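A.B. asks: Sharing a structure below in structure tokens format, with a few things to ask.
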Amino acid sequence: MIRVQDLVKVYGTKEALRSVSFEIPPGQVCGYLGPNGAGKSTTVKILTGVLRPTSGRAVVAGFDVGEQPLEVKRRIGYVPETGAVYPMLSVSEYLALVGALHGLDPPEIAERSERLLSLFKIRDAQDQRLDTLSKGMRQKVVISAAVLHDPEVLLFDEPLSGLDANAARTIKDLVRGFADRGKTVLYCSHMLDVVERLCDRVIILDQGQIVADGSPSDLMASSQRDTLETVFRSLTGGDDTKELAEALLDAVRHDRGAAGRASPDAPSARHEIPSPSPRHGKGKRRRR
Amino acid sequence: MSAKLPSADGPWIDGALRWAGIEPRAFRALLHAYLLIDFRNQQFGRATLSGPKAWVAPMFWVVGQNLLLGFATGVILYERVDVFFFALANLAVSMLVMATAVIVEFNEVVLDPEDLEVVGHLPVPARTYSAARATNLIGYVLLITVSLNLCPAIIGIGLPDAGWAFVPAYLLASLAGNLLVVGALILVYLVLLGDRPTESTRELLAWSQIVLLWIALMGGQFVLLHDRSFRIEMLAYELPDWVRWLPPGWLAWFVASTGPVGDAVAWWVPGVVAVATLGVWVVVMARLSAAYAQMQPGAPAWRRAVLRPLPRPGDLAGPIVRRLTRAGEERVAYWLCTAMLRRDYQLRMRSWPAFGVALAAVVLGLATGQLGDPMKEHSGVCVLSLAALYLLTVPVPTILYNLNFSRDHQASWVLLSAPIGDRVAFAEGMRKAVTYGVVLPVLVGLGIVFAVCWRDPLDAAENVLAGWLAILAAGHASQIGVLRGLPFAAPAARGETMGPIAMFAALVSGTAMSLVGLHYLASQRFWTFAAYLGGLAVAVLALRAAASRVLEQHFVTEAPGHD
């Protein structure tokens, strides 16, 4: 269970979170959405005990994050947005490190790691250094580490980043499976179609405040929109995206023209624009 | 919201840059970014509460230390030697420090493979990138040169055989010498590395720095010795002929020739050095461009590595480590720190040179017959044995402090979000990784050298025991003085990994030197030596208790600066 009450976080003069309150019961997958800078990652960092809130209270798995951060950390699995890992460790060393930090016994770590790596089809890479893996493979390792100690609460921040379609499907099934087994899942993502299908409930955050909270179908019905994406856009000031894109295109056209006229560097800069490959060029000529 | 980029220079500069194949706009933008990175250091900002544009704080340590070093060498030599030797010694120190700084920060100041991930996809020609890097580097050389040589230049005016032209001649010589040594060094490394640094060549960088420090400190040992025989004066007046043929020798000759006494000014020396420097830097630019063009973004081939599998899957520690550490946080911290010390070449480059002073004492002791047994020799001939023993305490705070930094600091969320309940145990693991994992093997090696030289293993063991107690004390003192949070959580910024620790390391070094005196006095009788060992043991226990209290209160397991 996650319960957040009047959470406020201020960085200098900027209010990243403004009195955010919500509660996620066990067995629920809750999508936590918002435009860039809305405060999603700040909330997750507070829930993981990495950051302290300026005021307010957060309770995770029955423990107050401010008062008993260790008890909280023991019960959560966290996949951060960056997915950064110690690149000089091998896959098995990394999992052993995280397992040991969670107090698991070595045989238990070995058994669980092997099972998870086999499921993700990366067992052959277990003695490879993490910096030699692809982004998707590293993400699989990070997710394996997050669930290694069988946490009660899972906090996923863009977990599908870099994953191929099969692995993404596995993660979605895994998230659903965790919820079905009574675990609480907070799922931050910008992939709104995934959130719409996967989550029981969605909280939308904008400029540090909750602007919507409900099931995807309820949110769509109440706002008379047919997708979660359109609901999201209407709530977070994204309705004018088409006009914005056109304005951006205009700005780019204008800038390039201006640079071409005004800058003495323009002729040499043109040399840097990759020319079409010969094969490409020939194909065009043939069609003509 | 718009960032203020440097304004365009005059058309002749742009024209000159274009003539050299450099894109003026990209060049200025890159140089501007590098200067911002150099002068705007977030950690210094946090530590000194300075604003993001304050430039004094980041340069404080580097420039301050260099000014102190220059002042110290200038004062030590003043009125003891002639202008030639004064210039020779100060120019040699300046060139050695410059070379060391470039080797240590090779990636940061010369060629950073990670730059490709930032600028590799941008339309920046290789020559423009290398020109911006080289210009940034020349600025760095200028800063270090001025800070190292300002004091000697001023002090040197007072020498009896120095003329009015001493200051400009000396500063010109120091700049020419430093530019030449840096250019030559980069060229050697780029040729040696074959444009693609490997792990082993990076290791070579670390060791070459240690060798440079040995050379520098072996000279400095003369100052530490009780100099009844006027060694500095004797060295100055009986200088071997070959020294005059080294680059600092030529430049010192030029500086001396500007004085009121002697032959005509040797202008040909700076002329030759300038031509050589120009030639070296032209080749450096070409090699840097080629190196940059050949590197590919993404996972470079030299980083692909399969590691030796763990002895028992899931278990981080082997049987020896299980005996040395307690299960839980302590063992995890020990394993993580020793793994990073083994694998992170930059951490090794920052750590190993701290052994240079102790090792220089051993080399000098062996070379001059001053590595005597303090239990038997009650004279100055055992001073270097004891110095080597106690100077092994200096690497403890230096390495422990450097564990704070990593290029992979973004991965610190792994530790920050982990349930680290016993923070004292975690800090103990960090300390043991340094004392047991790094310093103890060196101490054992030193014990073997003593046992062979003294032909008395028991004496060697007794002395090594005293040294070990001092190292343990330094470990706990460093926990109090420099250990403030989880390891590898801060980026390794220029100057920061060496600067702020200097004062604490100097304190440890000073205490170690005091212990050398006490050890020397105590070793004359069995019971006084036993009492001395007992005193050291009590100090270790007291420091351990104090460290536990301090760590319990101050060892941070949360994200820094985000409260």
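Ordering of the structure tokens sets the chain letters (A, B, ...); residue numbers start at 1 within each chain; ligands are numbered from 1 in the order shown.
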Enumerate, in order of chain and increasing residue number, the residues of stretch 79-184 of chain A with an atom no farther than 12 Å from stretch 20-32 of chain A, each with its shortest atom pair and distance in Å to one decimal, counting only C-alpha atoms, as a tab-separated table.
C.D. replies:
residue	atom	partner	partner_atom	distance
A:Glu152	CA	A:Pro26	CA	8.5
A:Val153	CA	A:Pro26	CA	8.3
A:Leu154	CA	A:Val29	CA	9.3
A:Leu155	CA	A:Cys30	CA	9.9
A:Phe156	CA	A:Gly31	CA	9.6
A:Asp157	CA	A:Tyr32	CA	9.1
A:Glu158	CA	A:Tyr32	CA	10.4
A:Lys172	CA	A:Val29	CA	10.7
A:Asp173	CA	A:Val29	CA	11.8
A:Leu174	CA	A:Val29	CA	11.3
A:Val175	CA	A:Val29	CA	7.7
A:Arg176	CA	A:Val29	CA	7.4
A:Gly177	CA	A:Gly27	CA	9.5
A:Phe178	CA	A:Gly27	CA	7.6
A:Ala179	CA	A:Gly27	CA	4.3
A:Asp180	CA	A:Gly27	CA	5.8
A:Arg181	CA	A:Gly27	CA	6.7
A:Gly182	CA	A:Gly27	CA	4.0
A:Lys183	CA	A:Gly27	CA	4.9
A:Thr184	CA	A:Pro26	CA	4.6
A.B. asks: Hey, can you spit out that residue selection with all heavy atoms as a compact mmCIF listing (two decimals), in the first residue's frame?
C.D. replies:
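Saved the output as again_29.txt:
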# COMPACT_ATOMS: atom_id res chain seq x y z
N GLU A 152 7.16 -5.80 -1.71
CA GLU A 152 5.70 -5.63 -1.55
C GLU A 152 5.18 -4.53 -2.47
O GLU A 152 4.03 -4.56 -2.89
CB GLU A 152 5.37 -5.22 -0.11
CG GLU A 152 5.48 -6.33 0.90
CD GLU A 152 5.25 -5.80 2.30
OE1 GLU A 152 4.31 -5.00 2.49
OE2 GLU A 152 6.02 -6.18 3.20
N VAL A 153 6.05 -3.53 -2.68
CA VAL A 153 5.64 -2.37 -3.49
C VAL A 153 6.65 -2.20 -4.61
O VAL A 153 7.86 -2.26 -4.37
CB VAL A 153 5.60 -1.09 -2.61
CG1 VAL A 153 5.31 0.13 -3.46
CG2 VAL A 153 4.56 -1.24 -1.51
N LEU A 154 6.14 -1.99 -5.81
CA LEU A 154 7.05 -1.80 -6.96
C LEU A 154 6.87 -0.40 -7.52
O LEU A 154 5.74 0.05 -7.73
CB LEU A 154 6.74 -2.83 -8.03
CG LEU A 154 7.30 -4.21 -7.67
CD1 LEU A 154 6.40 -5.30 -8.14
CD2 LEU A 154 8.70 -4.37 -8.23
N LEU A 155 7.99 0.27 -7.72
CA LEU A 155 7.97 1.63 -8.27
C LEU A 155 8.73 1.60 -9.59
O LEU A 155 9.95 1.44 -9.62
CB LEU A 155 8.64 2.59 -7.29
CG LEU A 155 8.03 2.59 -5.89
CD1 LEU A 155 9.01 3.12 -4.87
CD2 LEU A 155 6.75 3.41 -5.85
N PHE A 156 7.98 1.69 -10.67
CA PHE A 156 8.59 1.62 -12.00
C PHE A 156 8.56 3.01 -12.64
O PHE A 156 7.50 3.59 -12.81
CB PHE A 156 7.81 0.66 -12.91
CG PHE A 156 7.99 -0.78 -12.56
CD1 PHE A 156 6.91 -1.57 -12.20
CD2 PHE A 156 9.23 -1.38 -12.64
CE1 PHE A 156 7.06 -2.92 -11.91
CE2 PHE A 156 9.40 -2.73 -12.35
CZ PHE A 156 8.32 -3.49 -11.98
N ASP A 157 9.74 3.53 -13.00
CA ASP A 157 9.82 4.81 -13.69
C ASP A 157 10.31 4.53 -15.12
O ASP A 157 11.49 4.24 -15.32
CB ASP A 157 10.81 5.73 -12.95
CG ASP A 157 10.58 7.20 -13.26
OD1 ASP A 157 9.81 7.49 -14.20
OD2 ASP A 157 11.15 8.05 -12.55
N GLU A 158 9.43 4.58 -16.07
CA GLU A 158 9.72 4.25 -17.48
C GLU A 158 10.43 2.89 -17.61
O GLU A 158 11.54 2.81 -18.14
CB GLU A 158 10.58 5.34 -18.13
CG GLU A 158 9.88 6.65 -18.35
CD GLU A 158 8.77 6.60 -19.41
OE1 GLU A 158 8.57 5.52 -20.00
OE2 GLU A 158 8.10 7.62 -19.61
N LYS A 172 5.16 -6.17 -18.96
CA LYS A 172 3.74 -5.82 -18.73
C LYS A 172 3.03 -6.98 -18.03
O LYS A 172 2.25 -6.77 -17.08
CB LYS A 172 3.06 -5.48 -20.06
CG LYS A 172 3.45 -4.10 -20.58
CD LYS A 172 2.74 -3.75 -21.86
CE LYS A 172 3.62 -3.96 -23.04
NZ LYS A 172 3.04 -3.64 -24.33
N ASP A 173 3.30 -8.21 -18.49
CA ASP A 173 2.70 -9.38 -17.83
C ASP A 173 3.18 -9.51 -16.39
O ASP A 173 2.42 -9.88 -15.49
CB ASP A 173 3.03 -10.66 -18.61
CG ASP A 173 2.32 -10.69 -19.96
OD1 ASP A 173 1.35 -9.91 -20.13
OD2 ASP A 173 2.74 -11.46 -20.84
N LEU A 174 4.47 -9.18 -16.20
CA LEU A 174 5.06 -9.26 -14.86
C LEU A 174 4.37 -8.27 -13.92
O LEU A 174 4.01 -8.61 -12.78
CB LEU A 174 6.56 -8.94 -14.96
CG LEU A 174 7.40 -9.09 -13.70
CD1 LEU A 174 7.67 -10.55 -13.41
CD2 LEU A 174 8.74 -8.36 -13.87
N VAL A 175 4.18 -7.05 -14.41
CA VAL A 175 3.53 -6.01 -13.60
C VAL A 175 2.11 -6.45 -13.23
O VAL A 175 1.69 -6.37 -12.07
CB VAL A 175 3.50 -4.67 -14.38
CG1 VAL A 175 2.59 -3.66 -13.70
CG2 VAL A 175 4.90 -4.11 -14.51
N ARG A 176 1.40 -6.97 -14.19
CA ARG A 176 0.03 -7.43 -13.95
C ARG A 176 0.04 -8.58 -12.94
O ARG A 176 -0.76 -8.64 -12.01
CB ARG A 176 -0.56 -7.89 -15.29
CG ARG A 176 -2.03 -7.99 -15.46
CD ARG A 176 -2.75 -6.70 -15.26
NE ARG A 176 -3.27 -6.66 -13.90
CZ ARG A 176 -3.82 -5.60 -13.34
NH1 ARG A 176 -3.90 -4.46 -14.00
NH2 ARG A 176 -4.28 -5.62 -12.12
N GLY A 177 1.02 -9.49 -13.14
CA GLY A 177 1.13 -10.65 -12.24
C GLY A 177 1.41 -10.23 -10.80
O GLY A 177 0.84 -10.79 -9.86
N PHE A 178 2.29 -9.21 -10.65
CA PHE A 178 2.59 -8.71 -9.30
C PHE A 178 1.32 -8.17 -8.64
O PHE A 178 1.05 -8.44 -7.46
CB PHE A 178 3.64 -7.61 -9.36
CG PHE A 178 5.06 -8.12 -9.33
CD1 PHE A 178 5.95 -7.83 -10.33
CD2 PHE A 178 5.50 -8.90 -8.26
CE1 PHE A 178 7.24 -8.31 -10.31
CE2 PHE A 178 6.80 -9.38 -8.23
CZ PHE A 178 7.67 -9.09 -9.25
N ALA A 179 0.55 -7.41 -9.39
CA ALA A 179 -0.68 -6.83 -8.83
C ALA A 179 -1.66 -7.94 -8.46
O ALA A 179 -2.31 -7.89 -7.41
CB ALA A 179 -1.30 -5.87 -9.84
N ASP A 180 -1.75 -8.96 -9.33
CA ASP A 180 -2.68 -10.07 -9.05
C ASP A 180 -2.29 -10.81 -7.78
O ASP A 180 -3.12 -11.44 -7.12
CB ASP A 180 -2.72 -11.04 -10.24
CG ASP A 180 -3.38 -10.39 -11.46
OD1 ASP A 180 -4.05 -9.35 -11.28
OD2 ASP A 180 -3.18 -10.89 -12.58
N ARG A 181 -0.98 -10.75 -7.44
CA ARG A 181 -0.52 -11.41 -6.21
C ARG A 181 -0.58 -10.46 -5.01
O ARG A 181 0.04 -10.71 -3.97
CB ARG A 181 0.89 -11.92 -6.40
CG ARG A 181 0.91 -13.16 -7.30
CD ARG A 181 2.29 -13.48 -7.81
NE ARG A 181 3.22 -13.77 -6.72
CZ ARG A 181 4.52 -13.95 -6.88
NH1 ARG A 181 5.04 -13.88 -8.10
NH2 ARG A 181 5.28 -14.23 -5.87
N GLY A 182 -1.28 -9.34 -5.16
CA GLY A 182 -1.54 -8.45 -4.02
C GLY A 182 -0.49 -7.40 -3.79
O GLY A 182 -0.47 -6.73 -2.75
N LYS A 183 0.41 -7.20 -4.75
CA LYS A 183 1.44 -6.18 -4.56
C LYS A 183 0.96 -4.83 -5.15
O LYS A 183 0.13 -4.82 -6.05
CB LYS A 183 2.74 -6.61 -5.24
CG LYS A 183 3.33 -7.86 -4.59
CD LYS A 183 4.59 -8.29 -5.22
CE LYS A 183 5.04 -9.64 -4.70
NZ LYS A 183 5.31 -9.68 -3.26
N THR A 184 1.52 -3.79 -4.60
CA THR A 184 1.16 -2.45 -5.07
C THR A 184 2.17 -2.00 -6.12
O THR A 184 3.37 -2.14 -5.90
CB THR A 184 1.21 -1.46 -3.87
OG1 THR A 184 0.46 -2.04 -2.80
CG2 THR A 184 0.64 -0.12 -4.23
A.B. asks: For A:Ile204, list every protein, DNA or RNA residue within 9 Å, evaluated using only C-alpha atoms, and leave out those in the same chain fewer than 5 positions away; present the list as a ChimeraX atom specification.
C.D. replies: /A:31-35,209-213,232,235-236
A.B. asks: Separation of atom CA of B:Gly318 and atom CA of B:Glu330, in Å?
C.D. replies: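 Pair atom CA of B:Gly318 / atom CA of B:Glu330 returns 14.2 Å.
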A.B. asks: Define the interface residues of chain A facing chain B as those within 6 Å, counting only C-alpha atoms, and report them as a tab-separated table (two decimals) with N, CA, C and O atoms, in the first residue's frame.
C.D. replies:
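The file below, result.tsv, is the result:
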chain	number	residue	atom	x	y	z
A	48	THR	N	10.94	6.31	-2.42
A	48	THR	CA	12.04	5.36	-2.25
A	48	THR	C	12.98	5.76	-1.11
A	48	THR	O	13.93	5.05	-0.82
A	50	VAL	N	14.99	8.26	-1.21
A	50	VAL	CA	16.19	8.91	-1.75
A	50	VAL	C	16.15	10.41	-1.48
A	50	VAL	O	17.16	11.04	-1.21
A	52	ARG	N	14.04	13.67	0.66
A	52	ARG	CA	13.11	13.99	1.75
A	52	ARG	C	12.12	15.03	1.28
A	52	ARG	O	12.52	16.00	0.62
A	70	LEU	N	14.34	2.93	6.25
A	70	LEU	CA	14.94	1.61	6.01
A	70	LEU	C	13.90	0.53	5.81
A	70	LEU	O	14.03	-0.34	4.95
A	73	LYS	N	12.61	0.91	2.39
A	73	LYS	CA	13.55	0.45	1.36
A	73	LYS	C	13.61	-1.07	1.28
A	73	LYS	O	13.89	-1.63	0.23
A	74	ARG	N	13.39	-1.73	2.43
A	74	ARG	CA	13.41	-3.20	2.44
A	74	ARG	C	12.24	-3.79	1.66
A	74	ARG	O	12.29	-4.93	1.24
A	84	ALA	N	20.73	3.84	-14.59
A	84	ALA	CA	22.19	3.83	-14.46
A	84	ALA	C	22.63	2.71	-13.53
A	84	ALA	O	21.99	2.43	-12.52
A	85	VAL	N	23.72	2.05	-13.91
A	85	VAL	CA	24.27	0.95	-13.09
A	85	VAL	C	25.79	1.15	-12.99
A	85	VAL	O	26.35	1.97	-13.72
A	86	TYR	N	26.43	0.39	-12.12
A	86	TYR	CA	27.89	0.44	-12.06
A	86	TYR	C	28.44	-0.36	-13.24
A	86	TYR	O	28.39	-1.59	-13.23
A	96	ALA	N	24.23	-9.77	-7.22
A	96	ALA	CA	24.71	-10.19	-5.89
A	96	ALA	C	24.81	-9.00	-4.95
A	96	ALA	O	24.48	-9.10	-3.76
A	106	PRO	N	23.49	-15.78	-0.03
A	106	PRO	CA	24.09	-16.03	-1.35
A	106	PRO	C	23.40	-17.13	-2.16
A	106	PRO	O	23.15	-16.93	-3.36
A	109	ILE	N	20.27	-15.68	-3.57
A	109	ILE	CA	20.55	-14.70	-4.63
A	109	ILE	C	20.89	-15.45	-5.91
A	109	ILE	O	20.38	-15.12	-7.00
A	110	ALA	N	21.75	-16.47	-5.78
A	110	ALA	CA	22.18	-17.23	-6.96
A	110	ALA	C	20.99	-17.87	-7.66
A	110	ALA	O	20.85	-17.78	-8.89
A	127	ASP	N	28.34	-13.12	-16.79
A	127	ASP	CA	29.69	-12.74	-16.40
A	127	ASP	C	30.25	-11.62	-17.26
A	127	ASP	O	31.44	-11.32	-17.20
A	128	GLN	N	29.38	-10.99	-18.03
A	128	GLN	CA	29.82	-9.86	-18.84
A	128	GLN	C	29.68	-8.58	-18.05
A	128	GLN	O	28.77	-8.44	-17.22
A	129	ARG	N	30.59	-7.65	-18.32
A	129	ARG	CA	30.50	-6.35	-17.66
A	129	ARG	C	29.27	-5.61	-18.16
A	129	ARG	O	28.93	-5.70	-19.34
A	132	THR	N	29.15	-3.53	-21.35
A	132	THR	CA	29.23	-4.16	-22.66
A	132	THR	C	27.84	-4.61	-23.14
A	132	THR	O	27.72	-5.13	-24.25
A	272	GLU	N	28.77	19.84	-43.63
A	272	GLU	CA	28.52	18.83	-42.61
A	272	GLU	C	27.21	18.09	-42.82
A	272	GLU	O	26.96	17.07	-42.22
A.B. asks: List every residue of stretch 7-84 of chain A that DSSP, applied to the backbone of this structure, assigns to strand (DSSP E), and report them as a ChimeraX atom specification.
C.D. replies: /A:7-11,14-24,29-33,55-60,63-64,76-79
A.B. asks: Could you please determine the separation between atom CA of B:Gly249 and atom CA of B:Leu67 in Å, to one decimal place?
C.D. replies: 22.5 Å
A.B. asks: At a cut-off of 8 Å, using only C-alpha atoms, what residues contact stretch 427-435 of chain B? Leave out same-chain residues fewer than 3 positions from it and give the result as a PyMOL selection string.
C.D. replies: chain B and resi 325+329-335+337-338+396+399-400+423-424+438-440+471-472+475-476+479+483+551+555
A.B. asks: Do a neighbour search on stretch 6-12 of chain A at 12 Å with only C-alpha atoms, toss out local chain neighbours closer than 4 positions, and write the hits as a PyMOL selection string.
C.D. replies: (chain A and resi 16-23+38-47+51-59+65-66+207-210) or (chain B and resi 561-563)
A.B. asks: I'd like the interatomic distance between atom CA of B:Leu150 and atom CA of B:Leu185, to a tenth of an Å.
C.D. replies: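 One can read the atom CA of B:Leu150 to atom CA of B:Leu185 distance as 23.6 Å.
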A.B. asks: Please provide as a compact mmCIF listing (two decimals) with N, CA, C and O atoms, in the first residue's frame all residues within 12 Å of A:Lys140, with the sequence filter that same-chain residues fewer than 2 positions apart are discarded (counting only C-alpha atoms).
C.D. replies:
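Saved to part22.txt:
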# COMPACT_ATOMS: atom_id res chain seq x y z
N VAL A 79 12.75 0.74 -10.16
CA VAL A 79 13.41 0.84 -11.46
C VAL A 79 13.45 2.33 -11.82
O VAL A 79 12.42 2.91 -12.14
N GLY A 83 18.12 4.29 -15.20
CA GLY A 83 18.62 2.93 -15.37
C GLY A 83 20.12 2.83 -15.24
O GLY A 83 20.73 1.87 -15.71
N VAL A 85 23.72 2.05 -13.91
CA VAL A 85 24.27 0.95 -13.09
C VAL A 85 25.79 1.15 -12.99
O VAL A 85 26.35 1.97 -13.72
N VAL A 91 27.04 -8.74 -14.62
CA VAL A 91 25.61 -8.87 -14.34
C VAL A 91 25.40 -9.61 -13.01
O VAL A 91 24.64 -9.17 -12.14
N LEU A 95 23.76 -8.18 -9.42
CA LEU A 95 22.61 -8.79 -8.74
C LEU A 95 23.01 -9.26 -7.34
O LEU A 95 22.23 -9.15 -6.39
N SER A 113 18.62 -15.10 -9.14
CA SER A 113 19.27 -14.42 -10.28
C SER A 113 19.23 -15.30 -11.51
O SER A 113 18.89 -14.85 -12.61
N LEU A 116 15.73 -15.42 -12.95
CA LEU A 116 15.33 -14.17 -13.62
C LEU A 116 16.10 -13.96 -14.93
O LEU A 116 15.51 -13.59 -15.94
N LEU A 117 17.39 -14.23 -14.89
CA LEU A 117 18.20 -14.03 -16.09
C LEU A 117 17.79 -15.01 -17.19
O LEU A 117 17.79 -14.65 -18.38
N SER A 118 17.41 -16.22 -16.79
CA SER A 118 16.94 -17.20 -17.78
C SER A 118 15.63 -16.72 -18.40
O SER A 118 15.44 -16.81 -19.61
N LEU A 119 14.73 -16.21 -17.55
CA LEU A 119 13.44 -15.73 -18.06
C LEU A 119 13.63 -14.58 -19.04
O LEU A 119 12.92 -14.48 -20.03
N PHE A 120 14.62 -13.72 -18.74
CA PHE A 120 14.88 -12.59 -19.63
C PHE A 120 15.82 -12.96 -20.79
O PHE A 120 16.20 -12.11 -21.58
N LYS A 121 16.22 -14.24 -20.80
CA LYS A 121 17.11 -14.74 -21.87
C LYS A 121 18.45 -13.99 -21.91
O LYS A 121 18.98 -13.69 -22.99
N ILE A 122 18.97 -13.68 -20.76
CA ILE A 122 20.30 -13.03 -20.73
C ILE A 122 21.25 -13.80 -19.80
O ILE A 122 22.23 -13.25 -19.30
N ARG A 123 20.97 -15.08 -19.58
CA ARG A 123 21.80 -15.85 -18.66
C ARG A 123 23.24 -15.97 -19.17
O ARG A 123 24.19 -15.99 -18.39
N ALA A 125 24.93 -13.85 -20.49
CA ALA A 125 25.69 -12.60 -20.28
C ALA A 125 26.02 -12.37 -18.81
O ALA A 125 26.51 -11.29 -18.46
N GLN A 126 25.80 -13.36 -17.96
CA GLN A 126 25.90 -13.08 -16.52
C GLN A 126 27.32 -12.70 -16.06
O GLN A 126 27.46 -12.02 -15.05
N LEU A 130 28.64 -4.85 -17.27
CA LEU A 130 27.38 -4.19 -17.64
C LEU A 130 27.56 -3.16 -18.76
O LEU A 130 26.64 -2.91 -19.51
N LEU A 133 26.82 -4.41 -22.31
CA LEU A 133 25.47 -4.84 -22.69
C LEU A 133 24.74 -3.70 -23.42
O LEU A 133 25.05 -2.53 -23.23
N SER A 134 23.73 -4.09 -24.21
CA SER A 134 22.90 -3.07 -24.85
C SER A 134 22.00 -2.42 -23.79
O SER A 134 21.86 -2.94 -22.68
N LYS A 135 21.39 -1.30 -24.16
CA LYS A 135 20.54 -0.57 -23.21
C LYS A 135 19.38 -1.47 -22.73
O LYS A 135 19.03 -1.50 -21.55
N GLY A 136 18.81 -2.21 -23.68
CA GLY A 136 17.69 -3.09 -23.33
C GLY A 136 18.11 -4.19 -22.37
O GLY A 136 17.40 -4.51 -21.42
N MET A 137 19.29 -4.76 -22.62
CA MET A 137 19.78 -5.83 -21.73
C MET A 137 20.05 -5.29 -20.33
O MET A 137 19.75 -5.92 -19.32
N ARG A 138 20.61 -4.09 -20.29
CA ARG A 138 20.87 -3.47 -18.98
C ARG A 138 19.56 -3.22 -18.24
O ARG A 138 19.47 -3.41 -17.03
N VAL A 142 18.37 -4.35 -14.53
CA VAL A 142 17.85 -3.43 -13.50
C VAL A 142 16.49 -3.92 -12.99
O VAL A 142 16.23 -3.91 -11.78
N ILE A 143 15.65 -4.39 -13.90
CA ILE A 143 14.33 -4.90 -13.49
C ILE A 143 14.50 -6.18 -12.66
O ILE A 143 13.84 -6.36 -11.63
N SER A 144 15.43 -7.04 -13.08
CA SER A 144 15.69 -8.26 -12.30
C SER A 144 16.12 -7.90 -10.88
O SER A 144 15.68 -8.52 -9.91
N ALA A 145 16.99 -6.89 -10.77
CA ALA A 145 17.47 -6.48 -9.44
C ALA A 145 16.32 -5.91 -8.61
O ALA A 145 16.27 -6.11 -7.39
N ALA A 146 15.40 -5.21 -9.27
CA ALA A 146 14.29 -4.58 -8.53
C ALA A 146 13.34 -5.61 -7.94
O ALA A 146 12.73 -5.36 -6.89
N VAL A 147 13.21 -6.75 -8.60
CA VAL A 147 12.24 -7.75 -8.10
C VAL A 147 12.92 -8.90 -7.38
O VAL A 147 12.25 -9.83 -6.88
N LEU A 148 14.25 -8.86 -7.29
CA LEU A 148 15.03 -9.97 -6.73
C LEU A 148 14.59 -10.34 -5.31
O LEU A 148 14.54 -11.52 -4.96
N PRO A 159 9.80 1.81 -17.18
CA PRO A 159 10.52 0.52 -17.18
C PRO A 159 10.72 -0.07 -18.57
O PRO A 159 11.59 -0.91 -18.76
N LEU A 160 9.92 0.36 -19.56
CA LEU A 160 10.02 -0.25 -20.88
C LEU A 160 11.05 0.44 -21.77
O LEU A 160 11.22 0.06 -22.92
N SER A 161 11.73 1.43 -21.22
CA SER A 161 12.70 2.19 -22.00
C SER A 161 13.80 1.26 -22.53
O SER A 161 14.49 0.59 -21.77
N GLY A 162 13.93 1.22 -23.84
CA GLY A 162 15.00 0.45 -24.47
C GLY A 162 14.70 -1.02 -24.67
O GLY A 162 15.53 -1.76 -25.19
N LEU A 163 13.53 -1.48 -24.23
CA LEU A 163 13.23 -2.90 -24.34
C LEU A 163 12.62 -3.24 -25.70
O LEU A 163 11.86 -2.44 -26.26
N ASP A 164 12.92 -4.44 -26.19
CA ASP A 164 12.28 -4.88 -27.43
C ASP A 164 10.84 -5.29 -27.14
O ASP A 164 10.42 -5.37 -25.97
N ASN A 166 9.21 -8.10 -27.29
CA ASN A 166 8.99 -9.31 -26.47
C ASN A 166 9.26 -9.04 -25.00
O ASN A 166 8.49 -9.45 -24.13
N ALA A 167 10.38 -8.36 -24.75
CA ALA A 167 10.72 -8.06 -23.36
C ALA A 167 9.69 -7.12 -22.74
O ALA A 167 9.31 -7.27 -21.57
N ALA A 168 9.22 -6.16 -23.53
CA ALA A 168 8.21 -5.22 -23.03
C ALA A 168 6.93 -5.97 -22.65
O ALA A 168 6.32 -5.71 -21.61
N THR A 170 6.78 -9.07 -21.71
CA THR A 170 7.08 -9.81 -20.48
C THR A 170 6.93 -8.91 -19.26
O THR A 170 6.36 -9.31 -18.24
N ILE A 171 7.46 -7.68 -19.37
CA ILE A 171 7.40 -6.75 -18.22
C ILE A 171 5.95 -6.40 -17.91
O ILE A 171 5.54 -6.35 -16.74
